[in-house]
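Asker: Below you'll find work-v2.csv; it's CSV, C-alpha atoms.
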chain,number,residue,atom,x,y,z
P,1,GLN,CA,121.8,153.6,83.4
P,2,VAL,CA,120.2,157.1,83.7
P,3,GLN,CA,122.8,159.9,84.2
P,4,LEU,CA,122.3,163.6,84.8
P,5,VAL,CA,125.2,165.9,84.3
P,6,GLU,CA,125.0,169.5,85.5
P,7,SER,CA,127.2,172.3,84.6
P,8,GLY,CA,127.4,176.1,84.7
P,9,GLY,CA,127.8,176.9,88.4
P,10,GLY,CA,130.3,179.3,89.8
P,11,LEU,CA,131.1,182.5,91.5
P,12,VAL,CA,129.4,185.7,90.4
P,13,GLN,CA,128.9,189.2,91.8
P,14,ALA,CA,125.4,190.4,92.9
P,15,GLY,CA,123.5,191.5,89.8
P,16,GLY,CA,125.4,189.1,87.5
P,17,SER,CA,124.1,186.2,85.5
P,18,LEU,CA,124.8,182.5,85.3
P,19,ARG,CA,123.3,179.7,83.1
P,20,LEU,CA,123.0,176.2,84.5
P,21,SER,CA,122.6,173.2,82.2
P,22,CYS,CA,121.4,169.6,82.8
P,23,ALA,CA,121.9,166.9,80.3
P,24,VAL,CA,120.2,163.5,80.7
P,25,SER,CA,121.5,160.3,79.1
P,26,GLY,CA,120.9,156.6,79.3
P,27,THR,CA,117.2,156.4,78.7
P,28,ILE,CA,114.9,155.9,75.8
P,29,PHE,CA,111.8,156.8,77.8
P,30,ARG,CA,110.1,160.1,77.8
P,31,ILE,CA,111.3,162.8,80.2
P,32,ASN,CA,108.0,164.2,81.5
P,33,PHE,CA,109.4,166.6,84.1
P,34,MET,CA,112.6,168.6,84.5
P,35,GLY,CA,113.3,170.9,87.4
P,36,TRP,CA,115.9,172.8,89.3
P,37,TYR,CA,116.1,172.8,93.1
P,38,ARG,CA,118.5,174.4,95.4
P,39,GLN,CA,119.8,173.9,98.9
P,40,ALA,CA,121.6,176.5,100.9
P,41,PRO,CA,123.7,175.7,104.0
P,42,GLY,CA,121.4,174.9,107.0
P,43,LYS,CA,118.3,175.0,104.9
P,44,GLN,CA,116.0,172.5,103.3
P,45,ARG,CA,116.1,171.8,99.5
P,46,GLU,CA,113.6,174.0,97.7
P,47,LEU,CA,112.0,174.2,94.3
P,48,VAL,CA,113.4,176.9,92.0
P,49,ALA,CA,111.8,176.2,88.6
P,50,THR,CA,110.2,173.3,86.8
P,51,THR,CA,109.0,172.5,83.3
P,52,THR,CA,106.9,169.7,81.9
P,53,SER,CA,107.0,168.0,78.6
P,54,GLY,CA,103.9,170.0,77.7
P,55,GLY,CA,105.8,173.2,78.1
P,56,SER,CA,104.3,174.4,81.4
P,57,THR,CA,106.6,176.2,83.8
P,58,ASN,CA,106.6,177.0,87.4
P,59,TYR,CA,108.8,179.2,89.5
P,60,ALA,CA,109.4,180.0,93.1
P,61,ASP,CA,108.2,183.4,94.0
P,62,SER,CA,111.7,184.4,95.0
P,63,VAL,CA,113.1,183.9,91.5
P,64,LYS,CA,110.1,185.0,89.3
P,65,GLY,CA,111.2,187.6,86.8
P,66,ARG,CA,114.9,186.8,87.2
P,67,PHE,CA,115.2,183.1,86.3
P,68,THR,CA,114.1,181.3,83.2
P,69,ILE,CA,113.9,177.5,82.7
P,70,SER,CA,113.9,176.0,79.3
P,71,ARG,CA,114.3,172.7,77.6
P,72,GLY,CA,116.5,171.9,74.6
P,73,ASN,CA,115.2,170.9,71.2
P,74,ALA,CA,116.3,167.3,72.0
P,75,LYS,CA,114.1,167.4,75.1
P,76,ASN,CA,116.8,165.7,77.2
P,77,THR,CA,118.4,168.9,78.3
P,78,ALA,CA,117.2,171.7,80.6
P,79,SER,CA,118.8,175.1,81.3
P,80,LEU,CA,118.2,177.6,84.0
P,81,GLN,CA,119.1,181.2,83.0
P,82,MET,CA,119.7,183.2,86.2
P,83,ASN,CA,119.8,187.0,86.0
P,84,SER,CA,120.0,189.7,88.6
P,85,LEU,CA,121.5,187.3,91.0
P,86,LYS,CA,121.4,188.0,94.7
P,87,PRO,CA,123.6,186.8,97.6
P,88,GLU,CA,120.5,184.8,98.9
P,89,ASP,CA,120.6,182.8,95.7
P,90,THR,CA,123.8,181.2,96.9
P,91,ALA,CA,123.2,177.4,97.1
P,92,VAL,CA,123.9,174.1,95.6
P,93,TYR,CA,121.6,173.7,92.6
P,94,TYR,CA,120.3,170.3,91.7
P,95,CYS,CA,118.6,169.1,88.5
P,96,LYS,CA,115.7,166.6,88.9
P,97,VAL,CA,113.9,164.7,86.2
P,98,THR,CA,111.0,162.4,86.2
P,99,ILE,CA,111.1,159.6,83.6
P,100,THR,CA,108.0,157.5,83.0
P,101,PRO,CA,108.0,154.6,83.9
P,102,LEU,CA,111.4,154.7,85.6
P,103,GLY,CA,110.9,157.3,88.3
P,104,ASP,CA,112.8,160.4,89.7
P,105,TYR,CA,116.5,161.1,89.2
P,106,TRP,CA,118.7,163.8,90.7
P,107,GLY,CA,122.0,165.3,89.5
P,108,GLN,CA,125.0,165.7,91.7
P,109,GLY,CA,124.6,169.4,92.2
P,110,THR,CA,126.5,172.4,91.1
P,111,GLN,CA,127.5,175.3,93.4
P,112,VAL,CA,126.3,178.8,92.8
P,113,THR,CA,127.9,181.5,94.9
P,114,VAL,CA,126.8,185.1,94.7
P,115,SER,CA,129.0,187.7,96.4
P,116,SER,CA,127.7,191.0,97.6
What would the structure in this file look like if it were written as structure tokens?
Answerer:
Amino acid sequence: QVQLVESGGGLVQAGGSLRLSCAVSGTIFRINFMGWYRQAPGKQRELVATTTSGGSTNYADSVKGRFTISRGNAKNTASLQMNSLKPEDTAVYYCKVTITPLGDYWGQGTQVTVSS
């Protein structure tokens, strides 16, 4: 059974940093895609950053230059380094992975709160 475990959320002041981690277990198949999404109260879930098995990355315009996504050497973990955090970054952050041929999986979410 595929499981995603997220960690690293919390409360931080504006301008501070947090690092989120996502660890995937329960599969022997290749993880082709790993990404972070977020959902603020009253808003739709949105893409934050993604990375593929080939090393390509993609970022939302709102986080470019502040956030960095990376994968661990074992390729079953992904991290999101968040710097220069703003109050508008406050949201529940979700890890998503695509595993071929199994499909998409989501983590349970981790709360990030940025105080002004």
Asker: Identify which of the residues P:Asn83, P:Thr90, P:Asn58, P:Asn76 lies closest to Gln3 (chain P), counting only C-alpha atoms when measuring atom-to-atom distances.
Answerer: P:Asn76
Asker: Nearest residue to Ser70 (chain P) out of P:Trp36, P:Glu6, P:Leu85, P:Gln108, using only C-alpha atoms?
Answerer: P:Trp36
Asker: List the spatial neighbours of Lys86 (chain P) as a ChimeraX atom specification - criterion: any atom at most 8 Å away, only C-alpha atoms, same-chain residues fewer than 6 positions off excluded.
Answerer: /P:14-15,114-116
Asker: Please check which residues have atoms at most 10 Å from (110.7, 165.9, 74.6) in the file's coordinates, counting all atoms listed in the file, and write them as a PDB file with C-alpha atoms, keeping the file's coordinate frame.
Answerer:
ATOM      1  CA  PHE P  29     111.800 156.800  77.800  1.00  0.00           C
ATOM      2  CA  ARG P  30     110.100 160.100  77.800  1.00  0.00           C
ATOM      3  CA  ILE P  31     111.300 162.800  80.200  1.00  0.00           C
ATOM      4  CA  ASN P  32     108.000 164.200  81.500  1.00  0.00           C
ATOM      5  CA  PHE P  33     109.400 166.600  84.100  1.00  0.00           C
ATOM      6  CA  THR P  52     106.900 169.700  81.900  1.00  0.00           C
ATOM      7  CA  SER P  53     107.000 168.000  78.600  1.00  0.00           C
ATOM      8  CA  GLY P  54     103.900 170.000  77.700  1.00  0.00           C
ATOM      9  CA  GLY P  55     105.800 173.200  78.100  1.00  0.00           C
ATOM     10  CA  ARG P  71     114.300 172.700  77.600  1.00  0.00           C
ATOM     11  CA  GLY P  72     116.500 171.900  74.600  1.00  0.00           C
ATOM     12  CA  ASN P  73     115.200 170.900  71.200  1.00  0.00           C
ATOM     13  CA  ALA P  74     116.300 167.300  72.000  1.00  0.00           C
ATOM     14  CA  LYS P  75     114.100 167.400  75.100  1.00  0.00           C
ATOM     15  CA  ASN P  76     116.800 165.700  77.200  1.00  0.00           C
ATOM     16  CA  THR P  77     118.400 168.900  78.300  1.00  0.00           C
TER      17      THR P  77
END
Asker: So, with all atoms listed in the file as the atoms that count, which of P:Gln1, P:Ser79, P:Ser62, P:Gln13 lies closest to Leu102 (chain P)?
Answerer: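 Of the candidates, the smallest distance to Leu102 (chain P) is held by P:Gln1.
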Asker: With 12 Å as the threshold, what does the neighbourhood of (128.0, 180.5, 86.2) contain in terms of residues, counting only C-alpha atoms? Coordinates are those of the file; answer as a PyMOL selection string.
Answerer: chain P and resi 6-13+16-21+79-83+85+90+93+110-114
Asker: Output C-alpha atoms for every residue in the selection just made, as an mmCIF file, in the coordinates of the input.
Answerer:
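Result went into selection_31.cif, see below:
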data_model
loop_
_atom_site.group_PDB
_atom_site.id
_atom_site.type_symbol
_atom_site.label_atom_id
_atom_site.label_comp_id
_atom_site.auth_asym_id
_atom_site.auth_seq_id
_atom_site.Cartn_x
_atom_site.Cartn_y
_atom_site.Cartn_z
ATOM 1 C CA GLU P 6 125.000 169.500 85.500
ATOM 2 C CA SER P 7 127.200 172.300 84.600
ATOM 3 C CA GLY P 8 127.400 176.100 84.700
ATOM 4 C CA GLY P 9 127.800 176.900 88.400
ATOM 5 C CA GLY P 10 130.300 179.300 89.800
ATOM 6 C CA LEU P 11 131.100 182.500 91.500
ATOM 7 C CA VAL P 12 129.400 185.700 90.400
ATOM 8 C CA GLN P 13 128.900 189.200 91.800
ATOM 9 C CA GLY P 16 125.400 189.100 87.500
ATOM 10 C CA SER P 17 124.100 186.200 85.500
ATOM 11 C CA LEU P 18 124.800 182.500 85.300
ATOM 12 C CA ARG P 19 123.300 179.700 83.100
ATOM 13 C CA LEU P 20 123.000 176.200 84.500
ATOM 14 C CA SER P 21 122.600 173.200 82.200
ATOM 15 C CA SER P 79 118.800 175.100 81.300
ATOM 16 C CA LEU P 80 118.200 177.600 84.000
ATOM 17 C CA GLN P 81 119.100 181.200 83.000
ATOM 18 C CA MET P 82 119.700 183.200 86.200
ATOM 19 C CA ASN P 83 119.800 187.000 86.000
ATOM 20 C CA LEU P 85 121.500 187.300 91.000
ATOM 21 C CA THR P 90 123.800 181.200 96.900
ATOM 22 C CA TYR P 93 121.600 173.700 92.600
ATOM 23 C CA THR P 110 126.500 172.400 91.100
ATOM 24 C CA GLN P 111 127.500 175.300 93.400
ATOM 25 C CA VAL P 112 126.300 178.800 92.800
ATOM 26 C CA THR P 113 127.900 181.500 94.900
ATOM 27 C CA VAL P 114 126.800 185.100 94.700
#
Asker: For a test of reading the model, state the distance in Å between CA of Tyr105 (chain P) and CA of Val5 (chain P), rounded to one decimal.
Answerer: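 One can read the CA of Tyr105 (chain P) to CA of Val5 (chain P) distance as 11.1 Å.
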Asker: In terms of the shortest atom-to-atom distance over all atoms listed in the file, which of P:Lys43, P:Phe67, P:Val97, P:Asp104 is closest to Val24 (chain P)?
Answerer: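 Distance minimum relative to Val24 (chain P) lands on P:Val97.
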Asker: With distances taken over all atoms listed in the file, which residue among P:Val63, P:Ile99, P:Ala49, P:Val92 lies nearest Val2 (chain P)?
Answerer: P:Ile99
Asker: Using only C-alpha atoms, which residue out of P:Ile28, P:Ser56, P:Ala91, P:Thr98 lies closest to Gln44 (chain P)?
Answerer: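 So, comparing all the options, the nearest one is P:Ala91.
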Asker: Please indicate the distance in Å from CA of Ala60 (chain P) to CA of Pro87 (chain P), rounded to one decimal place.
Answerer: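 Value for the CA of Ala60 (chain P)-CA of Pro87 (chain P) distance: 16.4 Å.
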Asker: Working from the structure I just supplied, which lacks atoms in region 56-67 of chain P, can you model all heavy atoms there and output them as a compact mmCIF listing (two decimals), in the coordinates of the input?
Answerer:
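Output saved as result_19.txt:
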# COMPACT_ATOMS: atom_id res chain seq x y z
N SER P 56 104.64 173.56 80.25
CA SER P 56 104.30 174.40 81.40
C SER P 56 105.49 174.63 82.29
O SER P 56 106.37 173.78 82.41
CB SER P 56 103.22 173.62 82.25
OG SER P 56 102.05 173.41 81.49
N THR P 57 105.53 175.81 82.87
CA THR P 57 106.60 176.20 83.80
C THR P 57 106.09 176.65 85.10
O THR P 57 104.96 177.14 85.18
CB THR P 57 107.54 177.24 83.16
OG1 THR P 57 106.75 178.39 82.86
CG2 THR P 57 108.21 176.75 81.89
N ASN P 58 106.93 176.52 86.11
CA ASN P 58 106.60 177.00 87.40
C ASN P 58 107.81 177.51 88.11
O ASN P 58 108.90 176.93 87.95
CB ASN P 58 105.99 175.79 88.25
CG ASN P 58 105.52 176.21 89.62
OD1 ASN P 58 104.87 177.23 89.77
ND2 ASN P 58 105.87 175.44 90.64
N TYR P 59 107.66 178.60 88.86
CA TYR P 59 108.80 179.20 89.50
C TYR P 59 108.52 179.53 90.96
O TYR P 59 107.38 179.86 91.33
CB TYR P 59 109.15 180.55 88.79
CG TYR P 59 109.61 180.41 87.37
CD1 TYR P 59 108.71 180.46 86.32
CD2 TYR P 59 110.96 180.22 87.08
CE1 TYR P 59 109.13 180.33 85.01
CE2 TYR P 59 111.39 180.10 85.77
CZ TYR P 59 110.47 180.15 84.74
OH TYR P 59 110.89 180.02 83.45
N ALA P 60 109.55 179.46 91.76
CA ALA P 60 109.40 180.00 93.10
C ALA P 60 109.24 181.47 93.08
O ALA P 60 109.78 182.15 92.20
CB ALA P 60 110.70 179.62 93.91
N ASP P 61 108.47 181.98 94.01
CA ASP P 61 108.20 183.40 94.00
C ASP P 61 109.51 184.22 94.09
O ASP P 61 109.61 185.30 93.51
CB ASP P 61 107.33 183.78 95.22
CG ASP P 61 105.90 183.32 95.03
OD1 ASP P 61 105.50 183.03 93.88
OD2 ASP P 61 105.18 183.23 96.04
N SER P 62 110.49 183.68 94.78
CA SER P 62 111.70 184.40 95.00
C SER P 62 112.56 184.59 93.73
O SER P 62 113.48 185.42 93.70
CB SER P 62 112.58 183.70 96.06
OG SER P 62 112.89 182.39 95.65
N VAL P 63 112.26 183.82 92.69
CA VAL P 63 113.10 183.90 91.50
C VAL P 63 112.25 184.38 90.26
O VAL P 63 112.82 184.58 89.18
CB VAL P 63 113.74 182.57 91.13
CG1 VAL P 63 114.53 182.07 92.33
CG2 VAL P 63 112.75 181.52 90.65
N LYS P 64 110.96 184.55 90.42
CA LYS P 64 110.10 185.00 89.30
C LYS P 64 110.62 186.31 88.74
O LYS P 64 110.94 187.24 89.47
CB LYS P 64 108.67 185.13 89.76
CG LYS P 64 107.94 183.82 89.89
CD LYS P 64 106.50 184.03 90.33
CE LYS P 64 105.78 182.70 90.48
NZ LYS P 64 104.39 182.88 90.98
N GLY P 65 110.70 186.36 87.42
CA GLY P 65 111.20 187.60 86.80
C GLY P 65 112.67 187.65 86.63
O GLY P 65 113.19 188.52 85.90
N ARG P 66 113.39 186.77 87.31
CA ARG P 66 114.90 186.80 87.20
C ARG P 66 115.40 185.50 86.60
O ARG P 66 116.42 185.55 85.91
CB ARG P 66 115.44 186.94 88.63
CG ARG P 66 115.04 188.21 89.34
CD ARG P 66 115.82 188.39 90.64
NE ARG P 66 115.57 187.33 91.61
CZ ARG P 66 116.53 186.56 92.13
NH1 ARG P 66 117.79 186.74 91.79
NH2 ARG P 66 116.22 185.62 93.03
N PHE P 67 114.76 184.39 86.85
CA PHE P 67 115.20 183.10 86.30
C PHE P 67 114.28 182.60 85.24
O PHE P 67 113.08 182.82 85.30
CB PHE P 67 115.24 182.05 87.46
CG PHE P 67 116.29 182.27 88.53
CD1 PHE P 67 117.02 183.44 88.61
CD2 PHE P 67 116.54 181.27 89.45
CE1 PHE P 67 117.96 183.63 89.59
CE2 PHE P 67 117.49 181.44 90.45
CZ PHE P 67 118.19 182.64 90.52
